>>> print(open('protein-v9.txt').read())   # compact mmCIF, C-alpha atoms
# COMPACT_ATOMS: atom_id res chain seq x y z
CA MET A 1 0.00 0.00 0.00
CA VAL A 2 1.42 3.40 -1.00
CA THR A 3 0.72 6.26 1.38
CA SER A 4 1.83 9.82 1.70
CA GLU A 5 1.35 12.36 4.47
CA ALA A 6 1.60 16.16 4.43
CA GLU A 7 1.18 18.60 7.29
CA ILE A 8 0.45 22.16 6.21
CA VAL A 9 0.03 25.11 8.59
CA GLY A 10 -3.35 26.85 8.69
CA SER A 11 -6.73 26.79 10.46
CA ALA A 12 -8.49 23.68 11.68
CA SER A 13 -11.81 21.99 12.40
CA PRO A 14 -13.73 22.64 15.65
CA GLU A 15 -13.92 20.07 18.37
CA ARG A 16 -15.58 20.27 21.79
CA ASP A 17 -15.01 18.27 24.96
CA GLY A 18 -18.37 19.17 26.50
CA PRO A 19 -21.27 21.62 26.42
CA ASP A 20 -19.56 24.14 28.71
CA THR A 21 -16.07 24.17 27.20
CA VAL A 22 -14.76 26.73 24.74
CA TRP A 23 -14.03 25.82 21.14
CA GLU A 24 -10.70 24.06 20.64
CA TRP A 25 -9.31 23.75 17.15
CA ARG A 26 -7.40 20.82 15.74
CA GLU A 27 -6.23 19.90 12.28
CA PRO A 28 -8.48 17.44 10.45
CA SER A 29 -7.23 14.17 9.05
CA VAL A 30 -8.04 13.53 5.39
CA LEU A 31 -7.80 10.28 3.45
CA LEU A 32 -7.23 10.70 -0.28
CA ILE A 33 -8.36 7.72 -2.40
CA GLU A 34 -6.83 8.34 -5.84
CA ASP A 35 -5.13 5.91 -8.23
CA ASP A 36 -3.46 8.57 -10.38
CA ALA A 37 -0.15 9.77 -8.91
CA GLY A 38 -0.34 13.04 -10.85
CA ASP A 39 -3.77 13.89 -9.47
CA ALA A 40 -2.60 12.92 -5.98
CA LEU A 41 0.31 15.37 -6.35
CA LEU A 42 -2.13 18.13 -7.35
CA VAL A 43 -4.14 17.49 -4.19
CA GLU A 44 -1.00 17.65 -2.05
CA GLU A 45 -0.16 20.99 -3.64
CA LEU A 46 -3.67 22.25 -2.89
CA VAL A 47 -3.19 21.24 0.73
CA ALA A 48 0.16 23.00 0.86
CA ASP A 49 -1.26 26.22 -0.60
CA SER A 50 -4.55 26.14 1.34
CA ALA A 51 -5.15 28.07 4.54
CA LEU A 52 -6.49 24.85 6.04
CA LYS A 53 -4.00 22.80 8.01
CA MET A 54 -4.63 19.06 7.59
CA ARG A 55 -2.99 15.68 7.83
CA LEU A 56 -3.26 14.07 4.42
CA ARG A 57 -2.92 10.35 3.75
CA TRP A 58 -3.00 8.90 0.21
CA VAL A 59 -4.03 5.42 -0.90
CA ARG A 60 -4.40 4.16 -4.47
CA SER A 61 -7.41 1.80 -4.30
CA MET A 62 -10.61 1.02 -2.45
CA ALA A 63 -8.98 -2.12 -1.06
CA ASP A 64 -6.21 0.01 0.49
CA ALA A 65 -8.85 2.45 1.79
CA ARG A 66 -10.80 -0.34 3.49
CA HIS A 67 -7.60 -1.41 5.25
CA VAL A 68 -6.97 2.13 6.51
CA LEU A 69 -10.60 2.71 7.54
CA ALA A 70 -10.57 -0.49 9.55
CA GLN A 71 -7.76 0.94 11.70
CA GLU A 72 -8.55 4.65 11.93
CA THR A 73 -11.33 7.16 11.33
CA PRO A 74 -10.35 10.25 9.32
CA ASP A 75 -12.47 13.40 9.36
CA CYS A 76 -12.88 13.48 5.58
CA VAL A 77 -12.38 11.26 2.54
CA LEU A 78 -11.39 12.76 -0.81
CA LEU A 79 -12.71 10.18 -3.27
CA ASP A 80 -11.89 9.72 -6.95
CA LEU A 81 -14.83 8.17 -8.78
CA ASN A 82 -12.66 6.16 -11.19
CA LEU A 83 -10.70 3.69 -9.12
CA PRO A 84 -9.39 0.36 -10.41
CA ASP A 85 -11.64 -1.58 -8.00
CA ALA A 86 -14.61 0.83 -7.58
CA HIS A 87 -16.31 3.14 -10.04
CA GLY A 88 -18.84 5.95 -9.77
CA LEU A 89 -21.56 5.68 -7.16
CA GLU A 90 -20.27 2.25 -6.19
CA ALA A 91 -17.17 3.94 -4.75
CA VAL A 92 -19.31 6.30 -2.65
CA SER A 93 -21.41 3.38 -1.45
CA GLN A 94 -18.34 1.38 -0.38
CA VAL A 95 -16.88 4.28 1.58
CA ARG A 96 -20.18 4.90 3.37
CA THR A 97 -20.52 1.19 4.10
CA HIS A 98 -17.18 1.11 5.89
CA ALA A 99 -17.27 4.64 7.37
CA ASP A 100 -20.72 6.17 7.39
CA ARG A 101 -19.74 8.84 9.95
CA ILE A 102 -17.01 10.34 7.75
CA ALA A 103 -17.49 13.33 5.43
CA VAL A 104 -16.97 12.49 1.75
CA VAL A 105 -15.85 14.97 -0.94
CA VAL A 106 -15.91 13.56 -4.47
CA LEU A 107 -13.11 14.37 -6.96
CA THR A 108 -14.31 14.35 -10.54
CA GLY A 109 -13.32 15.33 -14.06
CA LEU A 110 -14.96 17.96 -16.29
CA ALA A 111 -17.17 15.40 -18.03
CA GLU A 112 -18.40 13.80 -14.80
CA GLU A 113 -20.25 16.61 -13.02
CA GLU A 114 -23.58 14.82 -13.46
CA THR A 115 -22.14 11.75 -11.76
CA ALA A 116 -20.69 13.94 -9.03
CA LEU A 117 -24.11 15.48 -8.38
CA ALA A 118 -25.56 11.97 -8.16
CA ALA A 119 -22.81 11.11 -5.65
CA VAL A 120 -23.82 14.04 -3.46
CA ALA A 121 -27.43 12.86 -3.66
CA ALA A 122 -26.19 9.41 -2.64
CA GLY A 123 -24.55 10.71 0.54
CA ALA A 124 -21.38 12.64 -0.32
CA GLN A 125 -21.12 16.11 1.25
CA ASP A 126 -19.62 17.93 -1.78
CA TYR A 127 -17.69 17.50 -5.04
CA LEU A 128 -14.68 19.22 -6.60
CA VAL A 129 -13.71 19.29 -10.27
CA LYS A 130 -10.07 18.37 -10.80
CA GLY A 131 -8.01 21.18 -12.31
CA ARG A 132 -10.59 23.83 -11.45
CA VAL A 133 -10.07 24.15 -7.73
CA GLU A 134 -8.24 27.02 -6.05
CA PRO A 135 -6.46 26.33 -2.74
CA ASP A 136 -8.82 28.50 -0.68
CA LEU A 137 -11.88 26.88 -2.26
CA PHE A 138 -10.38 23.48 -1.59
CA GLY A 139 -9.80 24.27 2.08
CA ARG A 140 -13.31 25.65 2.52
CA ALA A 141 -14.84 22.64 0.78
CA VAL A 142 -13.10 20.19 3.12
CA ARG A 143 -13.90 22.24 6.22
CA TYR A 144 -17.57 22.72 5.29
CA ALA A 145 -17.94 19.05 4.32
CA ILE A 146 -16.72 18.04 7.78
CA GLN A 147 -19.04 20.53 9.47
CA ARG A 148 -22.04 19.46 7.36
CA LYS A 149 -21.38 15.83 8.28
CA GLN A 150 -21.16 16.75 11.97
CA ALA A 151 -24.43 18.70 11.67
CA GLU A 152 -26.05 15.74 9.92
CA GLN A 153 -24.92 13.36 12.67
CA ALA A 154 -26.13 15.77 15.35
CA ALA A 155 -29.54 15.95 13.66
CA VAL A 156 -29.73 12.17 13.45
CA ALA A 157 -28.75 11.84 17.11
CA LEU A 158 -31.32 14.47 18.08
CA ARG A 159 -34.04 12.67 16.17
CA ALA A 160 -33.04 9.34 17.71
CA GLY A 161 -33.11 10.95 21.15
CA GLN A 162 -36.56 12.40 20.49
CA MET A 163 -37.87 9.03 19.32
CA GLN A 164 -36.35 7.31 22.35
CA ALA A 165 -37.90 9.92 24.63
CA GLN A 166 -41.28 9.30 23.01
CA GLU A 167 -40.89 5.54 23.47
CA ASN A 168 -39.86 6.06 27.09
CA ALA A 169 -42.88 8.29 27.65
CA ARG A 170 -45.17 5.58 26.30
CA LEU A 171 -43.49 2.97 28.50
CA GLU A 172 -43.71 5.27 31.51
CA ARG A 173 -47.44 5.70 30.94
CA GLY A 174 -47.74 1.93 31.04
CA LEU A 175 -45.57 1.62 34.14
CA LEU A 176 -47.24 4.48 35.99
CA PRO A 177 -51.01 4.21 35.63
CA ARG A 178 -53.84 6.31 36.94
CA PRO A 179 -55.19 4.67 40.12
CA LEU A 180 -58.60 3.04 39.70
CA LEU A 181 -60.39 4.27 42.82
CA ARG A 182 -64.15 4.20 43.47
CA GLY A 183 -65.14 7.04 45.80
CA ASP A 184 -63.08 9.20 48.14
CA GLY A 185 -62.36 6.74 50.93
CA ILE A 186 -58.75 6.11 49.85
CA GLU A 187 -55.97 8.70 49.68
CA ALA A 188 -53.25 7.61 47.24
CA VAL A 189 -50.12 9.62 46.41
CA SER A 190 -47.46 8.28 44.07
CA ARG A 191 -44.14 9.41 42.62
CA TYR A 192 -41.88 8.00 39.92
CA ARG A 193 -38.38 9.32 39.29
CA PRO A 194 -36.11 7.91 36.54
CA GLY A 195 -32.52 7.16 37.49
CA ARG A 196 -29.65 9.36 36.33
CA SER A 197 -29.13 7.04 33.32
CA GLN A 198 -32.23 8.80 31.92
CA ALA A 199 -32.62 7.03 28.55
CA LEU A 200 -32.15 3.65 30.16
CA LEU A 201 -35.64 3.45 31.58
CA GLY A 202 -35.98 0.87 34.31
CA GLY A 203 -38.71 -1.61 35.10
CA ASP A 204 -40.15 -0.10 38.30
CA PHE A 205 -43.96 -0.28 38.27
CA TYR A 206 -46.94 0.17 40.55
CA ASP A 207 -50.73 0.12 40.45
CA ILE A 208 -53.71 0.83 42.72
CA VAL A 209 -57.18 -0.64 42.16
CA GLN A 210 -60.32 -0.50 44.27
CA SER A 211 -62.81 -3.24 43.39
CA THR A 212 -66.57 -2.72 43.29
CA ASP A 213 -66.99 -3.97 46.88
CA GLY A 214 -64.55 -1.30 48.12
CA THR A 215 -61.55 -3.62 48.62
CA LEU A 216 -58.25 -1.84 48.05
CA HIS A 217 -55.54 -3.59 46.04
CA ALA A 218 -52.05 -2.13 45.62
CA LEU A 219 -48.89 -3.30 43.89
CA ILE A 220 -45.31 -2.14 43.60
CA GLY A 221 -42.57 -3.99 41.74
CA ASP A 222 -39.19 -3.80 40.09
CA VAL A 223 -37.85 -5.74 37.09
CA SER A 224 -34.09 -6.38 37.24
CA GLY A 225 -31.98 -4.33 34.86
CA HIS A 226 -32.58 -1.22 32.77
CA GLY A 227 -33.67 -0.62 29.20
CA PRO A 228 -36.70 -0.99 26.94
CA ASP A 229 -36.99 -4.77 27.41
CA GLU A 230 -37.12 -4.43 31.20
CA ALA A 231 -39.54 -1.50 31.00
CA ALA A 232 -41.81 -3.41 28.61
CA LEU A 233 -41.77 -6.40 30.95
CA GLY A 234 -42.73 -4.15 33.85
CA VAL A 235 -45.65 -2.81 31.81
CA ALA A 236 -46.77 -6.36 31.00
CA LEU A 237 -46.68 -7.38 34.67
CA ARG A 238 -48.58 -4.32 35.83
CA ILE A 239 -51.33 -4.73 33.24
CA ALA A 240 -51.54 -8.45 34.00
CA TRP A 241 -51.86 -7.68 37.73
CA ARG A 242 -54.71 -5.23 37.15
CA THR A 243 -56.47 -7.78 34.92
CA LEU A 244 -56.11 -10.49 37.57
CA VAL A 245 -57.44 -8.17 40.29
CA LEU A 246 -60.49 -7.19 38.23
CA SER A 247 -61.03 -10.88 37.47
CA GLY A 248 -61.05 -11.74 41.17
CA VAL A 249 -57.70 -13.58 41.23
CA THR A 250 -55.75 -12.64 44.37
CA GLY A 251 -53.30 -14.09 46.87
CA ALA A 252 -50.62 -16.65 46.04
CA GLU A 253 -52.39 -17.73 42.86
CA GLN A 254 -52.15 -14.18 41.55
CA VAL A 255 -48.37 -14.08 42.11
CA ALA A 256 -47.95 -17.50 40.47
CA ARG A 257 -49.78 -16.26 37.37
CA LEU A 258 -47.55 -13.18 37.27
CA GLU A 259 -44.46 -15.38 37.39
CA GLU A 260 -45.76 -17.40 34.44
CA ILE A 261 -46.16 -14.18 32.47
CA LEU A 262 -42.67 -13.00 33.42
CA VAL A 263 -41.08 -16.28 32.30
CA ALA A 264 -43.00 -16.19 29.02
CA GLU A 265 -42.25 -12.53 28.24
CA ARG A 266 -38.68 -12.03 29.48
CA VAL A 267 -35.93 -11.67 26.88
CA ARG A 268 -33.14 -12.84 29.18
CA SER A 269 -33.50 -16.07 31.14
CA GLU A 270 -31.82 -14.47 34.15
CA ALA A 271 -34.34 -11.61 34.36
CA PHE A 272 -36.45 -11.52 37.52
CA ALA A 273 -38.88 -9.19 39.27
CA THR A 274 -39.56 -8.33 42.88
CA LEU A 275 -42.95 -7.13 44.08
CA THR A 276 -45.18 -6.44 47.05
CA SER A 277 -48.94 -6.81 46.71
CA LEU A 278 -51.42 -5.85 49.42
CA THR A 279 -55.18 -6.14 49.88
CA ALA A 280 -57.34 -4.27 52.39
CA ALA A 281 -61.06 -5.08 52.73
CA PRO A 282 -63.43 -2.20 53.52
CA GLY A 283 -63.79 -1.58 57.24
CA ALA A 284 -61.12 -4.14 58.17
CA ARG A 285 -57.93 -3.23 59.99
CA ASP A 286 -56.03 -6.28 58.80
CA VAL A 287 -54.09 -5.87 55.58
CA ARG A 288 -53.04 -8.94 53.61
CA VAL A 289 -49.58 -8.73 52.09
CA ILE A 290 -47.60 -10.91 49.70
CA ARG A 291 -43.91 -10.12 49.35
CA ALA A 292 -41.79 -11.63 46.56
CA GLY A 293 -38.19 -10.64 47.12
CA HIS A 294 -39.15 -6.99 47.57
CA PRO A 295 -38.02 -4.70 50.42
CA GLY A 296 -40.35 -3.88 53.29
CA MET A 297 -42.72 -0.94 53.79
CA LEU A 298 -42.96 2.11 56.01
CA LEU A 299 -45.88 2.52 58.41
CA ARG A 300 -46.72 6.13 59.32
CA SER A 301 -48.89 6.47 62.40
CA ALA A 302 -49.42 9.40 64.80
CA GLY A 303 -46.14 11.10 63.88
CA ARG A 304 -44.15 7.88 64.06
CA VAL A 305 -42.55 5.88 61.25
CA GLU A 306 -41.75 2.16 61.53
CA TRP A 307 -40.29 -0.38 59.14
CA VAL A 308 -42.60 -3.30 58.33
CA GLU A 309 -41.26 -6.39 56.60
CA VAL A 310 -43.51 -9.44 56.63
CA PRO A 311 -42.23 -12.93 55.72
CA GLY A 312 -42.18 -13.53 51.98
CA GLY A 313 -40.95 -15.71 49.13
CA PRO A 314 -38.33 -15.31 46.39
CA ALA A 315 -38.45 -12.92 43.48
CA LEU A 316 -40.48 -13.95 40.44
CA GLY A 317 -38.50 -15.92 37.89
CA VAL A 318 -35.70 -17.08 40.19
CA ILE A 319 -37.00 -20.64 40.57
CA PRO A 320 -39.95 -20.73 38.15
CA GLY A 321 -42.79 -23.01 39.21
CA LEU A 322 -41.15 -24.04 42.50
CA ALA A 323 -41.58 -20.98 44.74
CA THR A 324 -44.32 -20.31 47.28
CA TRP A 325 -45.40 -16.96 48.64
CA PRO A 326 -47.19 -16.82 52.00
CA VAL A 327 -50.06 -14.40 52.56
CA GLU A 328 -49.31 -12.43 55.71
CA GLU A 329 -51.73 -10.27 57.68
CA PHE A 330 -51.08 -7.39 60.03
CA ALA A 331 -53.26 -4.74 61.64
CA VAL A 332 -52.96 -1.13 60.52
CA PRO A 333 -54.01 1.53 63.07
CA ASP A 334 -56.83 3.91 62.18
CA GLY A 335 -55.52 6.90 60.27
CA ALA A 336 -52.16 5.25 59.58
CA ALA A 337 -50.52 5.21 56.16
CA LEU A 338 -48.46 2.58 54.33
CA VAL A 339 -45.57 3.66 52.11
CA LEU A 340 -44.43 1.23 49.41
CA PHE A 341 -41.25 1.87 47.40
CA THR A 342 -38.62 0.29 45.17
CA ASP A 343 -35.03 -0.26 46.27
CA GLY A 344 -33.73 2.66 44.21
CA LEU A 345 -34.83 4.88 47.10
CA PHE A 346 -32.25 3.47 49.53
CA GLU A 347 -29.51 1.95 47.36
CA GLY A 348 -27.87 5.28 46.54
CA TYR A 349 -24.45 6.11 47.97
CA VAL A 350 -23.92 8.39 50.95
CA GLY A 351 -21.20 10.92 50.16
CA ARG A 352 -18.16 9.95 48.11
CA GLY A 353 -17.41 6.58 49.67
CA LYS A 354 -18.84 3.11 49.13
CA GLU A 355 -21.44 3.33 51.90
CA ARG A 356 -25.05 3.14 50.75
CA LEU A 357 -28.04 4.72 52.46
CA GLY A 358 -29.60 1.32 53.16
CA GLU A 359 -32.86 0.47 54.89
CA ASP A 360 -31.76 1.85 58.25
CA GLY A 361 -30.69 5.11 56.66
CA LEU A 362 -34.01 5.42 54.82
CA LEU A 363 -35.93 4.83 58.05
CA ARG A 364 -33.85 7.53 59.74
CA LEU A 365 -34.65 10.02 56.96
CA ALA A 366 -38.35 9.13 57.15
CA ARG A 367 -38.45 9.73 60.89
CA GLU A 368 -36.89 13.16 60.44
CA ILE A 369 -39.89 14.28 58.36
CA ALA A 370 -42.55 12.07 59.94
CA GLY A 371 -44.98 14.91 60.57
CA ARG A 372 -45.30 16.08 56.96
CA GLU A 373 -48.35 15.69 54.77
CA PRO A 374 -48.24 12.75 52.28
CA GLU A 375 -46.99 14.64 49.22
CA ALA A 376 -44.42 16.62 51.19
CA PHE A 377 -43.34 13.43 52.97
CA ILE A 378 -42.68 11.50 49.74
CA ASP A 379 -41.01 14.44 48.01
CA GLY A 380 -38.86 15.10 51.05
CA LEU A 381 -37.81 11.47 51.27
CA ILE A 382 -36.72 11.40 47.62
CA GLU A 383 -35.00 14.78 47.82
CA ARG A 384 -33.02 13.80 50.92
CA ALA A 385 -31.93 10.49 49.39
CA GLU A 386 -30.87 12.32 46.22
CA GLY A 387 -29.01 14.93 48.24
CA LEU A 388 -26.96 12.31 50.06
CA ALA A 389 -26.05 10.67 46.73
CA GLU A 390 -25.29 13.96 44.95
CA ALA A 391 -21.52 13.62 45.38
CA GLN A 392 -21.65 10.54 43.11
CA GLY A 393 -24.08 11.90 40.55
CA GLY A 394 -27.37 11.27 42.34
CA LEU A 395 -29.55 8.19 42.53
CA ASP A 396 -28.51 5.72 39.87
CA ASP A 397 -31.65 3.57 39.88
CA ASP A 398 -35.28 4.42 39.21
CA VAL A 399 -37.46 5.21 42.23
CA ALA A 400 -41.18 4.49 42.63
CA VAL A 401 -43.04 5.40 45.82
CA VAL A 402 -46.72 4.90 46.74
CA HIS A 403 -48.32 6.43 49.86
CA LEU A 404 -51.67 4.89 50.85
CA ARG A 405 -54.02 5.98 53.61
CA ARG A 406 -57.65 5.18 54.27
CA HIS A 407 -59.78 8.04 55.59
CA PRO A 408 -60.82 6.66 58.98
CA GLU A 409 -64.16 6.89 60.69
CA ARG A 410 -62.30 6.48 64.01
CA THR A 411 -58.81 7.58 64.99
CA ARG A 412 -58.19 5.15 67.88
CA GLU A 413 -54.94 3.22 67.27
CA GLN A 414 -54.34 -0.44 67.79
CA PRO A 415 -50.93 -2.12 68.31
CA TRP A 416 -49.02 -3.96 65.62
CA GLU A 417 -49.90 -7.55 64.93
CA GLY A 418 -47.84 -10.02 62.90
CA THR A 419 -45.14 -7.60 61.76
CA GLN A 420 -41.41 -7.28 62.09
CA GLU A 421 -40.36 -3.77 63.13
CA ARG A 422 -36.99 -2.13 62.72
CA GLN A 423 -36.39 0.17 65.72
>>> encode(input="protein-v9.txt", output="structure tokens")
Amino acid sequence: MVTSEAEIVGSASPERDGPDTVWEWREPSVLLIEDDAGDALLVEELVADSALKMRLRWVRSMADARHVLAQETPDCVLLDLNLPDAHGLEAVSQVRTHADRIAVVVLTGLAEEETALAAVAAGAQDYLVKGRVEPDLFGRAVRYAIQRKQAEQAAVALRAGQMQAQENARLERGLLPRPLLRGDGIEAVSRYRPGRSQALLGGDFYDIVQSTDGTLHALIGDVSGHGPDEAALGVALRIAWRTLVLSGVTGAEQVARLEEILVAERVRSEAFATLTSLTAAPGARDVRVIRAGHPGMLLRSAGRVEWVEVPGGPALGVIPGLATWPVEEFAVPDGAALVLFTDGLFEGYVGRGKERLGEDGLLRLAREIAGREPEAFIDGLIERAEGLAEAQGGLDDDVAVVHLRRHPERTREQPWEGTQERQ
């Protein structure tokens, strides 16, 4: 392979390290694909006389160009349309196949302007007619071709980001439904906050349904991992749960059906989901809870906050078809509230070290703001957890929180029954 390099002093192409940095200029690298040594010499002279400083490398064939492009990525390719192993639009197509992110400027003869225009329509950024190019025009053509390609890539990335945001919004609507409540006897407040990965939407989900007889059903869950597959699986589980509730399927059978759906719908065999499902009959103080690998709950009562974690079974999908999930009951005092959440709320780091907030830390934060109203309580809990993790970029995982309270007819409290408290 014959190559040649020339470094000529002049201006350069812009490059940025980040959105807040000033422009820094560097010389672009240009790959010349030209089989004629005389024409290659003319290009080197144009580079030497141009105000644009560039690093020029010359190869004689498309085969040599493929070898170079496999090892490095130049800013621009100067492409002759009459190569021994590629001709016309085929040459443009081959360059774009191997380096679609690189600006292409076509070099053509006087009788080939129509072909050159077709090459631009096929993806090249510009064309130059051999023998009719002044050094300054040459430099501007290369610089503008690089900038047009960068603008094109930015537009494509923006469009992709917009489409991804739209898809995430649709998935979020599926993950975060409108509670189905009948009457004003239940106060439900919920929050969902994506992790700092933003585009990588997680699989946190929740739902609240009140059946026709007034029974309250609530769910919160978390699919392992992040991304559209996990989010879609979370949507499927949430919709399946609501369907089962409205069909009268509850308890351990409900969780078993959800595991069947998870196993059938998951893309990765190692994917699993944790969840907590609770049921509260109208007028009853006992709440029935099923916990599948999910963290406990917070109980807010008379200015106090306690940690409640009933016995449970494994996460869905860990041992498909073999797990059991006990239905546990405990008494909730009149006027008390239950707070369900996903583990993203307490798995953030505290400061710059490796220590995480943890369940004990979350309980401590909750007790500090125990007297707040439901919305202020949830928002304060999330804000404080985020503040502690700010030194390492904030909370990395998605966070879902649901605050449930029944409007009581009486306010007399009763002691805990059948729960495990963390003091």
>>> closest_residue(input="protein-v9.txt", among="A:Ala51, A:Gly351, A:Asp100, A:Leu69", to="Ile33 in chain A", atoms="all atoms listed in the file")
A:Leu69
>>> atom_distance(input="protein-v9.txt", atom1="CA of Asp360 in chain A", atom2="CA of Ile319 in chain A")
29.1 Å
>>> closest_residue(input="protein-v9.txt", among="A:Val263, A:Val255, A:Leu299, A:Val104", to="Pro326 in chain A", atoms="only C-alpha atoms")
A:Val255
>>> closest_residue(input="protein-v9.txt", among="A:Leu52, A:Leu246, A:Ala151, A:Leu381", to="Arg367 in chain A", atoms="only C-alpha atoms")
A:Leu381
>>> closest_residue(input="protein-v9.txt", among="A:Pro295, A:Gly214, A:Pro179, A:Gly185", to="Ala315 in chain A", atoms="all atoms listed in the file")
A:Pro295
>>> atom_distance(input="protein-v9.txt", atom1="CA of Val30 in chain A", atom2="CA of Ala155 in chain A")
23.2 Å
>>> atom_distance(input="protein-v9.txt", atom1="CA of Gly183 in chain A", atom2="CA of Glu306 in chain A")
28.6 Å
>>> closest_residue(input="protein-v9.txt", among="A:Ala252, A:Trp307, A:Asp334, A:Ala389", to="Gly195 in chain A", atoms="all atoms listed in the file")
A:Ala389
>>> closest_residue(input="protein-v9.txt", among="A:His217, A:Arg372, A:Arg304, A:Arg291", to="Thr279 in chain A", atoms="all atoms listed in the file")
A:His217
>>> residues_around(input="protein-v9.txt", residues="range 395-408 of chain A", least_positions_apart="2", cutoff="7 Å", atoms="all atoms listed in the file", output="PyMOL selection string")
chain A and resi 185-197+202+204+334-342+344-345+348+374+386+389+393+410-411
>>> residues_near_point(input="protein-v9.txt", point="(-18.1, 12.0, -10.9)", cutoff="10 Å", atoms="all atoms listed in the file", output="list in words")
Leu79, Asp80, Leu81, Asn82, His87, Gly88, Leu89, Val106, Leu107, Thr108, Gly109, Leu110, Ala111, Glu112, Glu113, Glu114, Thr115, Ala116, Leu117, Ala118, Ala119, Val120, Tyr127, Leu128 and Val129 of chain A
>>> residues_around(input="protein-v9.txt", residues="Leu237 in chain A", least_positions_apart="5", cutoff="12 Å", atoms="all atoms listed in the file", output="ChimeraX atom specification")
/A:174-176,203-207,219-223,230-232,242-244,254-266,272-275,316
>>> residues_around(input="protein-v9.txt", residues="Gln153 in chain A", least_positions_apart="4", cutoff="10 Å", atoms="all atoms listed in the file", output="mmCIF file with C-alpha atoms, keeping the file's coordinate frame")
data_model
loop_
_atom_site.group_PDB
_atom_site.id
_atom_site.type_symbol
_atom_site.label_atom_id
_atom_site.label_comp_id
_atom_site.auth_asym_id
_atom_site.auth_seq_id
_atom_site.Cartn_x
_atom_site.Cartn_y
_atom_site.Cartn_z
ATOM 1 C CA ASP A 100 -20.720 6.170 7.390
ATOM 2 C CA ARG A 101 -19.740 8.840 9.950
ATOM 3 C CA ILE A 102 -17.010 10.340 7.750
ATOM 4 C CA GLN A 147 -19.040 20.530 9.470
ATOM 5 C CA ARG A 148 -22.040 19.460 7.360
ATOM 6 C CA LYS A 149 -21.380 15.830 8.280
ATOM 7 C CA ALA A 157 -28.750 11.840 17.110
ATOM 8 C CA LEU A 158 -31.320 14.470 18.080
ATOM 9 C CA ARG A 159 -34.040 12.670 16.170
#
>>> residues_near_point(input="protein-v9.txt", point="(-34.7, 7.2, 58.9)", cutoff="12 Å", atoms="all atoms listed in the file", output="VMD selection string")
chain A and resid 298 304 to 307 346 357 to 370 380 to 381 384 to 385 422 to 423
>>> decode(input="protein-v9.txt", residues="range 360-375 of chain A", atoms="C-alpha atoms", output="PDB file, in the first residue's frame")
ATOM      1  CA  ASP A 360     -31.761   1.845  58.255  1.00  0.00           C
ATOM      2  CA  GLY A 361     -30.693   5.113  56.657  1.00  0.00           C
ATOM      3  CA  LEU A 362     -34.010   5.420  54.819  1.00  0.00           C
ATOM      4  CA  LEU A 363     -35.929   4.832  58.054  1.00  0.00           C
ATOM      5  CA  ARG A 364     -33.850   7.533  59.743  1.00  0.00           C
ATOM      6  CA  LEU A 365     -34.647  10.016  56.957  1.00  0.00           C
ATOM      7  CA  ALA A 366     -38.345   9.131  57.152  1.00  0.00           C
ATOM      8  CA  ARG A 367     -38.449   9.727  60.888  1.00  0.00           C
ATOM      9  CA  GLU A 368     -36.891  13.165  60.443  1.00  0.00           C
ATOM     10  CA  ILE A 369     -39.892  14.284  58.363  1.00  0.00           C
ATOM     11  CA  ALA A 370     -42.548  12.073  59.942  1.00  0.00           C
ATOM     12  CA  GLY A 371     -44.977  14.915  60.572  1.00  0.00           C
ATOM     13  CA  ARG A 372     -45.298  16.081  56.960  1.00  0.00           C
ATOM     14  CA  GLU A 373     -48.348  15.687  54.767  1.00  0.00           C
ATOM     15  CA  PRO A 374     -48.242  12.747  52.283  1.00  0.00           C
ATOM     16  CA  GLU A 375     -46.992  14.643  49.217  1.00  0.00           C
TER      17      GLU A 375
END
